[in-house]
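input.pdb follows (PDB, C-alpha atoms, pLDDT in the B column):
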ATOM      1  CA  MET X   1      15.251   0.965  26.459  1.00 66.00           C
ATOM      2  CA  SER X   2      14.268   3.651  23.983  1.00 91.00           C
ATOM      3  CA  ILE X   3      14.452   4.048  20.235  1.00 98.00           C
ATOM      4  CA  LYS X   4      17.911   5.387  19.364  1.00 98.00           C
ATOM      5  CA  ILE X   5      17.713   5.183  15.572  1.00 98.00           C
ATOM      6  CA  LEU X   6      14.767   5.706  13.222  1.00 98.00           C
ATOM      7  CA  GLY X   7      14.930   4.648   9.602  1.00 98.00           C
ATOM      8  CA  ALA X   8      13.283   7.178   7.307  1.00 98.00           C
ATOM      9  CA  GLY X   9      13.473   5.279   4.016  1.00 98.00           C
ATOM     10  CA  PHE X  10      10.496   3.648   2.345  1.00 98.00           C
ATOM     11  CA  GLY X  11      10.437  -0.120   2.021  1.00 97.00           C
ATOM     12  CA  ARG X  12      12.622  -1.381  -0.857  1.00 98.00           C
ATOM     13  CA  THR X  13      15.366   1.167  -0.161  1.00 98.00           C
ATOM     14  CA  GLY X  14      17.618  -1.239   1.703  1.00 97.00           C
ATOM     15  CA  THR X  15      15.641  -1.273   4.937  1.00 97.00           C
ATOM     16  CA  ASN X  16      16.186  -4.972   5.619  1.00 97.00           C
ATOM     17  CA  SER X  17      19.933  -4.571   5.130  1.00 97.00           C
ATOM     18  CA  LEU X  18      19.828  -1.547   7.420  1.00 98.00           C
ATOM     19  CA  LYS X  19      17.932  -3.580  10.031  1.00 98.00           C
ATOM     20  CA  LEU X  20      20.590  -6.297   9.934  1.00 98.00           C
ATOM     21  CA  ALA X  21      23.422  -3.753  10.068  1.00 97.00           C
ATOM     22  CA  LEU X  22      21.906  -1.912  13.040  1.00 98.00           C
ATOM     23  CA  GLU X  23      21.526  -5.176  14.904  1.00 98.00           C
ATOM     24  CA  MET X  24      25.154  -6.118  14.159  1.00 98.00           C
ATOM     25  CA  LEU X  25      26.271  -2.694  15.407  1.00 98.00           C
ATOM     26  CA  GLY X  26      24.433  -3.100  18.704  1.00 97.00           C
ATOM     27  CA  PHE X  27      21.278  -1.080  17.937  1.00 98.00           C
ATOM     28  CA  GLY X  28      19.029  -4.106  18.023  1.00 96.00           C
ATOM     29  CA  PRO X  29      16.686  -5.525  18.088  1.00 97.00           C
ATOM     30  CA  CYS X  30      15.415  -3.399  15.213  1.00 98.00           C
ATOM     31  CA  TYR X  31      11.697  -3.073  14.462  1.00 98.00           C
ATOM     32  CA  HIS X  32      10.861  -3.773  10.801  1.00 98.00           C
ATOM     33  CA  MET X  33       7.640  -4.874   9.095  1.00 96.00           C
ATOM     34  CA  PHE X  34       8.862  -8.413   9.778  1.00 94.00           C
ATOM     35  CA  GLU X  35       8.265  -7.757  13.483  1.00 96.00           C
ATOM     36  CA  VAL X  36       4.541  -7.398  12.855  1.00 96.00           C
ATOM     37  CA  SER X  37       4.551 -11.020  11.683  1.00 93.00           C
ATOM     38  CA  LYS X  38       6.221 -12.060  14.923  1.00 95.00           C
ATOM     39  CA  ASN X  39       3.839  -9.925  17.024  1.00 96.00           C
ATOM     40  CA  PRO X  40       0.347 -10.203  15.485  1.00 95.00           C
ATOM     41  CA  GLU X  41      -1.101  -8.176  18.360  1.00 95.00           C
ATOM     42  CA  HIS X  42       0.767  -5.167  16.920  1.00 98.00           C
ATOM     43  CA  VAL X  43      -1.657  -5.047  13.978  1.00 98.00           C
ATOM     44  CA  ASN X  44      -4.300  -3.433  16.208  1.00 97.00           C
ATOM     45  CA  THR X  45      -1.817  -0.841  17.423  1.00 98.00           C
ATOM     46  CA  TRP X  46      -0.826   0.064  13.884  1.00 98.00           C
ATOM     47  CA  ASN X  47      -4.483   0.226  12.842  1.00 98.00           C
ATOM     48  CA  ASN X  48      -5.054   2.655  15.713  1.00 98.00           C
ATOM     49  CA  ALA X  49      -2.168   4.778  14.455  1.00 98.00           C
ATOM     50  CA  ILE X  50      -3.582   4.733  10.905  1.00 98.00           C
ATOM     51  CA  ASP X  51      -6.914   5.901  12.328  1.00 98.00           C
ATOM     52  CA  ASP X  52      -5.182   8.730  14.249  1.00 97.00           C
ATOM     53  CA  ARG X  53      -5.984   7.183  17.608  1.00 98.00           C
ATOM     54  CA  ASP X  54      -3.627   7.347  20.566  1.00 96.00           C
ATOM     55  CA  VAL X  55      -0.762   4.872  20.492  1.00 98.00           C
ATOM     56  CA  ASP X  56       1.589   4.010  23.321  1.00 98.00           C
ATOM     57  CA  TRP X  57       4.761   4.090  21.237  1.00 98.00           C
ATOM     58  CA  ASP X  58       6.978   3.096  24.147  1.00 98.00           C
ATOM     59  CA  GLN X  59       4.903  -0.024  24.683  1.00 97.00           C
ATOM     60  CA  LEU X  60       4.885  -0.879  20.969  1.00 98.00           C
ATOM     61  CA  PHE X  61       8.661  -0.487  20.717  1.00 98.00           C
ATOM     62  CA  GLN X  62       9.417  -2.045  24.097  1.00 97.00           C
ATOM     63  CA  GLY X  63      12.658  -3.979  23.799  1.00 97.00           C
ATOM     64  CA  TYR X  64      13.674  -2.321  20.502  1.00 98.00           C
ATOM     65  CA  GLN X  65      16.494   0.182  20.057  1.00 98.00           C
ATOM     66  CA  SER X  66      15.830   1.028  16.429  1.00 98.00           C
ATOM     67  CA  ALA X  67      12.984   0.981  13.922  1.00 98.00           C
ATOM     68  CA  VAL X  68      13.039   1.031  10.111  1.00 98.00           C
ATOM     69  CA  ASP X  69      10.734   0.350   7.153  1.00 98.00           C
ATOM     70  CA  TRP X  70       6.978   0.487   7.116  1.00 97.00           C
ATOM     71  CA  PRO X  71       4.856   0.824   9.145  1.00 98.00           C
ATOM     72  CA  THR X  72       7.255   2.931  11.266  1.00 98.00           C
ATOM     73  CA  VAL X  73       8.342   5.303   8.495  1.00 98.00           C
ATOM     74  CA  SER X  74       4.745   6.455   7.955  1.00 98.00           C
ATOM     75  CA  PHE X  75       4.707   7.902  11.462  1.00 98.00           C
ATOM     76  CA  LEU X  76       8.123   9.537  11.384  1.00 98.00           C
ATOM     77  CA  PRO X  77       6.958  13.063  12.385  1.00 97.00           C
ATOM     78  CA  ILE X  78       5.231  11.682  15.492  1.00 97.00           C
ATOM     79  CA  LEU X  79       8.162   9.430  16.343  1.00 98.00           C
ATOM     80  CA  LEU X  80      10.671  12.267  15.997  1.00 97.00           C
ATOM     81  CA  LYS X  81       8.754  14.059  18.758  1.00 97.00           C
ATOM     82  CA  GLN X  82       8.402  10.904  20.835  1.00 97.00           C
ATOM     83  CA  TYR X  83      12.134  10.131  20.554  1.00 97.00           C
ATOM     84  CA  PRO X  84      13.812  13.564  20.252  1.00 96.00           C
ATOM     85  CA  ASP X  85      17.319  12.169  20.715  1.00 96.00           C
ATOM     86  CA  ALA X  86      16.979   9.488  18.045  1.00 98.00           C
ATOM     87  CA  LYS X  87      19.263   9.671  15.036  1.00 98.00           C
ATOM     88  CA  VAL X  88      17.636   9.262  11.626  1.00 98.00           C
ATOM     89  CA  ILE X  89      18.932   7.248   8.701  1.00 98.00           C
ATOM     90  CA  LEU X  90      17.371   8.023   5.329  1.00 98.00           C
ATOM     91  CA  THR X  91      18.000   5.223   2.861  1.00 98.00           C
ATOM     92  CA  LEU X  92      17.712   6.281  -0.765  1.00 98.00           C
ATOM     93  CA  ARG X  93      17.319   4.419  -4.020  1.00 97.00           C
ATOM     94  CA  ASP X  94      16.888   5.493  -7.615  1.00 98.00           C
ATOM     95  CA  PRO X  95      13.177   6.423  -7.738  1.00 98.00           C
ATOM     96  CA  GLU X  96      12.436   4.423 -10.888  1.00 98.00           C
ATOM     97  CA  GLN X  97      14.137   1.330  -9.464  1.00 97.00           C
ATOM     98  CA  TRP X  98      12.358   1.833  -6.140  1.00 98.00           C
ATOM     99  CA  TYR X  99       8.950   1.946  -7.820  1.00 98.00           C
ATOM    100  CA  GLU X 100       9.626  -1.102  -9.990  1.00 98.00           C
ATOM    101  CA  SER X 101      10.824  -3.086  -6.978  1.00 97.00           C
ATOM    102  CA  ALA X 102       7.965  -1.947  -4.714  1.00 98.00           C
ATOM    103  CA  THR X 103       5.394  -2.778  -7.394  1.00 97.00           C
ATOM    104  CA  LYS X 104       6.726  -6.303  -7.910  1.00 96.00           C
ATOM    105  CA  THR X 105       7.158  -7.112  -4.220  1.00 96.00           C
ATOM    106  CA  ILE X 106       5.436  -5.051  -1.520  1.00 95.00           C
ATOM    107  CA  PHE X 107       2.444  -3.912  -3.552  1.00 96.00           C
ATOM    108  CA  GLN X 108       1.831  -7.390  -4.986  1.00 94.00           C
ATOM    109  CA  ALA X 109       2.099  -9.006  -1.562  1.00 93.00           C
ATOM    110  CA  MET X 110      -0.516  -6.626  -0.158  1.00 93.00           C
ATOM    111  CA  LEU X 111      -2.835  -7.181  -3.089  1.00 91.00           C
ATOM    112  CA  GLN X 112      -2.528 -10.957  -2.703  1.00 91.00           C
ATOM    113  CA  GLY X 113      -2.831 -10.829   1.091  1.00 87.00           C
ATOM    114  CA  ASP X 114      -6.532 -11.711   1.200  1.00 84.00           C
ATOM    115  CA  LYS X 115      -5.626 -15.132  -0.218  1.00 90.00           C
ATOM    116  CA  ASN X 116      -3.389 -15.936   2.753  1.00 89.00           C
ATOM    117  CA  PRO X 117      -4.875 -18.977   4.521  1.00 91.00           C
ATOM    118  CA  ASP X 118      -3.557 -17.625   7.837  1.00 92.00           C
ATOM    119  CA  LEU X 119      -5.996 -15.174   9.483  1.00 91.00           C
ATOM    120  CA  ALA X 120      -3.173 -13.227  11.170  1.00 92.00           C
ATOM    121  CA  GLY X 121      -1.429 -12.926   7.804  1.00 91.00           C
ATOM    122  CA  ARG X 122      -4.605 -11.569   6.192  1.00 94.00           C
ATOM    123  CA  GLU X 123      -5.025  -9.022   8.994  1.00 96.00           C
ATOM    124  CA  ARG X 124      -1.402  -7.925   8.676  1.00 95.00           C
ATOM    125  CA  SER X 125      -1.813  -7.567   4.926  1.00 95.00           C
ATOM    126  CA  ARG X 126      -5.015  -5.514   5.353  1.00 96.00           C
ATOM    127  CA  MET X 127      -3.244  -3.188   7.763  1.00 97.00           C
ATOM    128  CA  SER X 128      -0.314  -2.783   5.369  1.00 97.00           C
ATOM    129  CA  ARG X 129      -2.614  -2.175   2.432  1.00 97.00           C
ATOM    130  CA  ARG X 130      -4.568   0.467   4.375  1.00 97.00           C
ATOM    131  CA  LEU X 131      -1.379   2.210   5.434  1.00 97.00           C
ATOM    132  CA  ILE X 132       0.644   2.078   2.249  1.00 97.00           C
ATOM    133  CA  LEU X 133      -1.621   1.583  -0.748  1.00 97.00           C
ATOM    134  CA  ASP X 134      -4.726   3.385   0.518  1.00 97.00           C
ATOM    135  CA  LYS X 135      -3.430   6.103   2.832  1.00 97.00           C
ATOM    136  CA  LEU X 136       0.074   6.929   1.613  1.00 98.00           C
ATOM    137  CA  PHE X 137      -0.581   6.474  -2.107  1.00 98.00           C
ATOM    138  CA  SER X 138      -4.303   7.379  -1.947  1.00 97.00           C
ATOM    139  CA  GLY X 139      -5.196   4.156  -3.744  1.00 96.00           C
ATOM    140  CA  ASN X 140      -3.225   5.319  -6.807  1.00 97.00           C
ATOM    141  CA  TYR X 141      -0.345   2.866  -6.369  1.00 96.00           C
ATOM    142  CA  ALA X 142      -0.579   1.823 -10.034  1.00 96.00           C
ATOM    143  CA  ASP X 143       0.094   5.427 -11.102  1.00 98.00           C
ATOM    144  CA  LYS X 144       3.862   5.490 -11.313  1.00 98.00           C
ATOM    145  CA  GLU X 145       4.190   9.282 -11.514  1.00 98.00           C
ATOM    146  CA  HIS X 146       1.921   9.709  -8.491  1.00 98.00           C
ATOM    147  CA  CYS X 147       3.987   7.277  -6.429  1.00 98.00           C
ATOM    148  CA  LEU X 148       7.280   8.782  -7.546  1.00 98.00           C
ATOM    149  CA  ALA X 149       6.066  12.239  -6.527  1.00 98.00           C
ATOM    150  CA  ILE X 150       5.133  10.931  -3.065  1.00 98.00           C
ATOM    151  CA  TYR X 151       8.491   9.176  -2.774  1.00 98.00           C
ATOM    152  CA  GLN X 152      10.385  12.358  -3.691  1.00 98.00           C
ATOM    153  CA  THR X 153       8.217  14.535  -1.424  1.00 98.00           C
ATOM    154  CA  HIS X 154       8.872  12.189   1.488  1.00 98.00           C
ATOM    155  CA  ILE X 155      12.628  12.452   0.969  1.00 98.00           C
ATOM    156  CA  GLN X 156      12.469  16.255   0.861  1.00 98.00           C
ATOM    157  CA  GLN X 157      10.288  16.381   3.985  1.00 98.00           C
ATOM    158  CA  VAL X 158      12.760  14.219   5.897  1.00 98.00           C
ATOM    159  CA  ILE X 159      15.736  16.315   4.782  1.00 98.00           C
ATOM    160  CA  SER X 160      13.999  19.578   5.656  1.00 97.00           C
ATOM    161  CA  SER X 161      12.532  18.455   8.993  1.00 96.00           C
ATOM    162  CA  VAL X 162      15.388  16.494  10.576  1.00 97.00           C
ATOM    163  CA  PRO X 163      18.316  18.553  11.891  1.00 95.00           C
ATOM    164  CA  GLU X 164      21.574  17.877  10.047  1.00 96.00           C
ATOM    165  CA  ASP X 165      23.293  16.619  13.177  1.00 97.00           C
ATOM    166  CA  ARG X 166      20.651  13.895  13.558  1.00 97.00           C
ATOM    167  CA  LEU X 167      20.383  12.821   9.890  1.00 98.00           C
ATOM    168  CA  LEU X 168      22.432  10.424   7.807  1.00 98.00           C
ATOM    169  CA  SER X 169      21.335  10.035   4.183  1.00 97.00           C
ATOM    170  CA  TYR X 170      22.823   7.378   1.998  1.00 94.00           C
ATOM    171  CA  HIS X 171      22.060   5.784  -1.321  1.00 95.00           C
ATOM    172  CA  VAL X 172      21.923   1.991  -1.215  1.00 90.00           C
ATOM    173  CA  THR X 173      24.528   1.783  -3.978  1.00 89.00           C
ATOM    174  CA  GLU X 174      27.124   3.451  -1.713  1.00 88.00           C
TER     175      GLU X 174
END

Turn the structure described in the file into structure tokens.
Amino acid sequence: MSIKILGAGFGRTGTNSLKLALEMLGFGPCYHMFEVSKNPEHVNTWNNAIDDRDVDWDQLFQGYQSAVDWPTVSFLPILLKQYPDAKVILTLRDPEQWYESATKTIFQAMLQGDKNPDLAGRERSRMSRRLILDKLFSGNYADKEHCLAIYQTHIQQVISSVPEDRLLSYHVTE
């Protein structure tokens, strides 16, 4: 089994709904951040990817036909090369609404992660924080304009780098 569909939208752009839809349509199971909770050994693999070490993507995604959300979306350029036949779905949301939602949910969860009594949960939160808050947003996740610029740049990079015949873009309000 190989990845057939890659989600290119940031978390809080309808990625969980997309995961559920892909699974209903026969492109499951779909890898989502939730899968890291179910597979705590994946934290080390994602940490290796964050540190630019070699990752066996086929092993990580063994048994999955699709992948959406973080941490996957942060490695989209690599995964597009690894899975050259995969279609890409870019979920979009109003940038202001995306930032407000991400701040109240994802960002807060990562910031509170060190309080998790479960060691695996703390490790997963550390990995997510490193990837999203520290690396993607350069630690400036509280700077709304900075985050919005990164969000918009990501969208433009996806649109310009993925061939039209492999890309579906849709706004979550559609």

>> Once the PyMOL selection byres ((chain X and resi 68) around 9) has been evaluated on this model, what residues remain selected, and can you format them as a PyMOL selection string?
In response: chain X and resi 5-11+15-16+18-19+30-33+66-67+69-73+89

> When distances are computed from only C-alpha atoms, which of X:Gln82, X:Thr91, X:Thr105, X:Asn44 shows the smallest separation from Arg126 of chain X?
Replying inline: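 Between X:Gln82, X:Thr91, X:Thr105, X:Asn44, the residue approaching Arg126 of chain X most closely is X:Asn44.
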
> For the file shown, what are the residues hit by the PyMOL selection byres ((chain X and resi 148-150) around 8), laid out as number ranges by chain?
Replying inline: X: 95-96, 99, 136-137, 144-147, 151-154

> On this structure, which residues satisfy the PyMOL selection byres ((chain X and resi 129) around 10), written as an MDAnalysis selection string?
Replying inline: chainID X and resid 106:107 109:111 113 123:128 130:137 139

> Any idea what the distance is between atom CA of Leu92 of chain X and atom CA of His171 of chain X?
Replying inline: 4.4 Å

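Candidate residues X:Lys104, X:Arg93, X:Phe61, X:Met24 were compared for distance to His42 of chain X, and the nearest is X:Phe61, using all atoms listed in the file.
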
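Here atom CA of Asp85 of chain X and atom CA of Ile3 of chain X stand 8.6 Å from one another.
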
> When you draw a straight line from atom CA of Ser161 of chain X to atom CA of Lys4 of chain X, how long is it in Å?
Replying inline: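 Taking atom CA of Ser161 of chain X as the start and atom CA of Lys4 of chain X as the end point, the length is 17.5 Å.
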
How about completing segment 97-120 of chain X with N, CA, C and O atoms and giving it to me as a PDB file, keeping the file's coordinate frame?
ATOM      1  N   GLN X  97      13.846   2.678  -9.958  1.00 97.00           N
ATOM      2  CA  GLN X  97      14.137   1.330  -9.464  1.00 97.00           C
ATOM      3  C   GLN X  97      13.324   1.025  -8.206  1.00 97.00           C
ATOM      4  O   GLN X  97      12.856  -0.099  -8.030  1.00 97.00           O
ATOM      5  N   TRP X  98      13.163   2.033  -7.343  1.00 98.00           N
ATOM      6  CA  TRP X  98      12.358   1.833  -6.140  1.00 98.00           C
ATOM      7  C   TRP X  98      10.931   1.443  -6.529  1.00 98.00           C
ATOM      8  O   TRP X  98      10.390   0.473  -6.028  1.00 98.00           O
ATOM      9  N   TYR X  99      10.337   2.212  -7.447  1.00 98.00           N
ATOM     10  CA  TYR X  99       8.950   1.946  -7.820  1.00 98.00           C
ATOM     11  C   TYR X  99       8.802   0.563  -8.448  1.00 98.00           C
ATOM     12  O   TYR X  99       7.882  -0.187  -8.118  1.00 98.00           O
ATOM     13  N   GLU X 100       9.699   0.218  -9.349  1.00 98.00           N
ATOM     14  CA  GLU X 100       9.626  -1.102  -9.990  1.00 98.00           C
ATOM     15  C   GLU X 100       9.723  -2.216  -8.946  1.00 98.00           C
ATOM     16  O   GLU X 100       8.962  -3.178  -8.973  1.00 98.00           O
ATOM     17  N   SER X 101      10.650  -2.078  -8.015  1.00 97.00           N
ATOM     18  CA  SER X 101      10.824  -3.086  -6.978  1.00 97.00           C
ATOM     19  C   SER X 101       9.608  -3.147  -6.051  1.00 97.00           C
ATOM     20  O   SER X 101       9.112  -4.230  -5.728  1.00 97.00           O
ATOM     21  N   ALA X 102       9.123  -1.986  -5.615  1.00 98.00           N
ATOM     22  CA  ALA X 102       7.965  -1.947  -4.714  1.00 98.00           C
ATOM     23  C   ALA X 102       6.733  -2.551  -5.385  1.00 98.00           C
ATOM     24  O   ALA X 102       5.963  -3.287  -4.755  1.00 98.00           O
ATOM     25  N   THR X 103       6.548  -2.262  -6.659  1.00 97.00           N
ATOM     26  CA  THR X 103       5.394  -2.778  -7.394  1.00 97.00           C
ATOM     27  C   THR X 103       5.419  -4.300  -7.476  1.00 97.00           C
ATOM     28  O   THR X 103       4.398  -4.961  -7.295  1.00 97.00           O
ATOM     29  N   LYS X 104       6.604  -4.851  -7.734  1.00 96.00           N
ATOM     30  CA  LYS X 104       6.726  -6.303  -7.910  1.00 96.00           C
ATOM     31  C   LYS X 104       6.738  -7.074  -6.594  1.00 96.00           C
ATOM     32  O   LYS X 104       6.515  -8.277  -6.594  1.00 96.00           O
ATOM     33  N   THR X 105       7.024  -6.400  -5.499  1.00 96.00           N
ATOM     34  CA  THR X 105       7.158  -7.112  -4.220  1.00 96.00           C
ATOM     35  C   THR X 105       6.094  -6.663  -3.216  1.00 96.00           C
ATOM     36  O   THR X 105       5.107  -7.341  -3.020  1.00 96.00           O
ATOM     37  N   ILE X 106       6.312  -5.526  -2.600  1.00 95.00           N
ATOM     38  CA  ILE X 106       5.436  -5.051  -1.520  1.00 95.00           C
ATOM     39  C   ILE X 106       3.998  -4.894  -1.997  1.00 95.00           C
ATOM     40  O   ILE X 106       3.061  -5.395  -1.362  1.00 95.00           O
ATOM     41  N   PHE X 107       3.804  -4.169  -3.091  1.00 96.00           N
ATOM     42  CA  PHE X 107       2.444  -3.912  -3.552  1.00 96.00           C
ATOM     43  C   PHE X 107       1.734  -5.214  -3.911  1.00 96.00           C
ATOM     44  O   PHE X 107       0.574  -5.422  -3.553  1.00 96.00           O
ATOM     45  N   GLN X 108       2.433  -6.103  -4.608  1.00 94.00           N
ATOM     46  CA  GLN X 108       1.831  -7.390  -4.986  1.00 94.00           C
ATOM     47  C   GLN X 108       1.480  -8.220  -3.761  1.00 94.00           C
ATOM     48  O   GLN X 108       0.418  -8.844  -3.715  1.00 94.00           O
ATOM     49  N   ALA X 109       2.363  -8.231  -2.780  1.00 93.00           N
ATOM     50  CA  ALA X 109       2.099  -9.006  -1.562  1.00 93.00           C
ATOM     51  C   ALA X 109       0.837  -8.496  -0.862  1.00 93.00           C
ATOM     52  O   ALA X 109       0.023  -9.294  -0.389  1.00 93.00           O
ATOM     53  N   MET X 110       0.678  -7.185  -0.804  1.00 93.00           N
ATOM     54  CA  MET X 110      -0.516  -6.626  -0.158  1.00 93.00           C
ATOM     55  C   MET X 110      -1.782  -6.951  -0.954  1.00 93.00           C
ATOM     56  O   MET X 110      -2.821  -7.226  -0.369  1.00 93.00           O
ATOM     57  N   LEU X 111      -1.673  -6.897  -2.254  1.00 91.00           N
ATOM     58  CA  LEU X 111      -2.835  -7.181  -3.089  1.00 91.00           C
ATOM     59  C   LEU X 111      -3.229  -8.651  -3.030  1.00 91.00           C
ATOM     60  O   LEU X 111      -4.404  -8.986  -3.189  1.00 91.00           O
ATOM     61  N   GLN X 112      -2.256  -9.520  -2.796  1.00 91.00           N
ATOM     62  CA  GLN X 112      -2.528 -10.957  -2.703  1.00 91.00           C
ATOM     63  C   GLN X 112      -2.844 -11.400  -1.272  1.00 91.00           C
ATOM     64  O   GLN X 112      -3.201 -12.554  -1.044  1.00 91.00           O
ATOM     65  N   GLY X 113      -2.710 -10.495  -0.323  1.00 87.00           N
ATOM     66  CA  GLY X 113      -2.831 -10.829   1.091  1.00 87.00           C
ATOM     67  C   GLY X 113      -4.141 -11.463   1.510  1.00 87.00           C
ATOM     68  O   GLY X 113      -4.179 -12.270   2.445  1.00 87.00           O
ATOM     69  N   ASP X 114      -5.234 -11.128   0.835  1.00 84.00           N
ATOM     70  CA  ASP X 114      -6.532 -11.711   1.200  1.00 84.00           C
ATOM     71  C   ASP X 114      -6.605 -13.198   0.895  1.00 84.00           C
ATOM     72  O   ASP X 114      -7.497 -13.886   1.374  1.00 84.00           O
ATOM     73  N   LYS X 115      -5.664 -13.704   0.121  1.00 90.00           N
ATOM     74  CA  LYS X 115      -5.626 -15.132  -0.218  1.00 90.00           C
ATOM     75  C   LYS X 115      -4.821 -15.944   0.802  1.00 90.00           C
ATOM     76  O   LYS X 115      -4.782 -17.159   0.712  1.00 90.00           O
ATOM     77  N   ASN X 116      -4.195 -15.246   1.750  1.00 89.00           N
ATOM     78  CA  ASN X 116      -3.389 -15.936   2.753  1.00 89.00           C
ATOM     79  C   ASN X 116      -4.298 -16.809   3.610  1.00 89.00           C
ATOM     80  O   ASN X 116      -5.277 -16.322   4.182  1.00 89.00           O
ATOM     81  N   PRO X 117      -4.016 -18.097   3.719  1.00 91.00           N
ATOM     82  CA  PRO X 117      -4.875 -18.977   4.521  1.00 91.00           C
ATOM     83  C   PRO X 117      -4.785 -18.689   6.020  1.00 91.00           C
ATOM     84  O   PRO X 117      -5.664 -19.083   6.786  1.00 91.00           O
ATOM     85  N   ASP X 118      -3.752 -17.961   6.432  1.00 92.00           N
ATOM     86  CA  ASP X 118      -3.557 -17.625   7.837  1.00 92.00           C
ATOM     87  C   ASP X 118      -4.292 -16.318   8.152  1.00 92.00           C
ATOM     88  O   ASP X 118      -4.015 -15.279   7.534  1.00 92.00           O
ATOM     89  N   LEU X 119      -5.208 -16.354   9.116  1.00 91.00           N
ATOM     90  CA  LEU X 119      -5.996 -15.174   9.483  1.00 91.00           C
ATOM     91  C   LEU X 119      -5.094 -14.017   9.905  1.00 91.00           C
ATOM     92  O   LEU X 119      -5.298 -12.869   9.488  1.00 91.00           O
ATOM     93  N   ALA X 120      -4.078 -14.288  10.725  1.00 92.00           N
ATOM     94  CA  ALA X 120      -3.173 -13.227  11.170  1.00 92.00           C
ATOM     95  C   ALA X 120      -2.444 -12.607   9.980  1.00 92.00           C
ATOM     96  O   ALA X 120      -2.235 -11.393   9.929  1.00 92.00           O
TER      97      ALA X 120
END
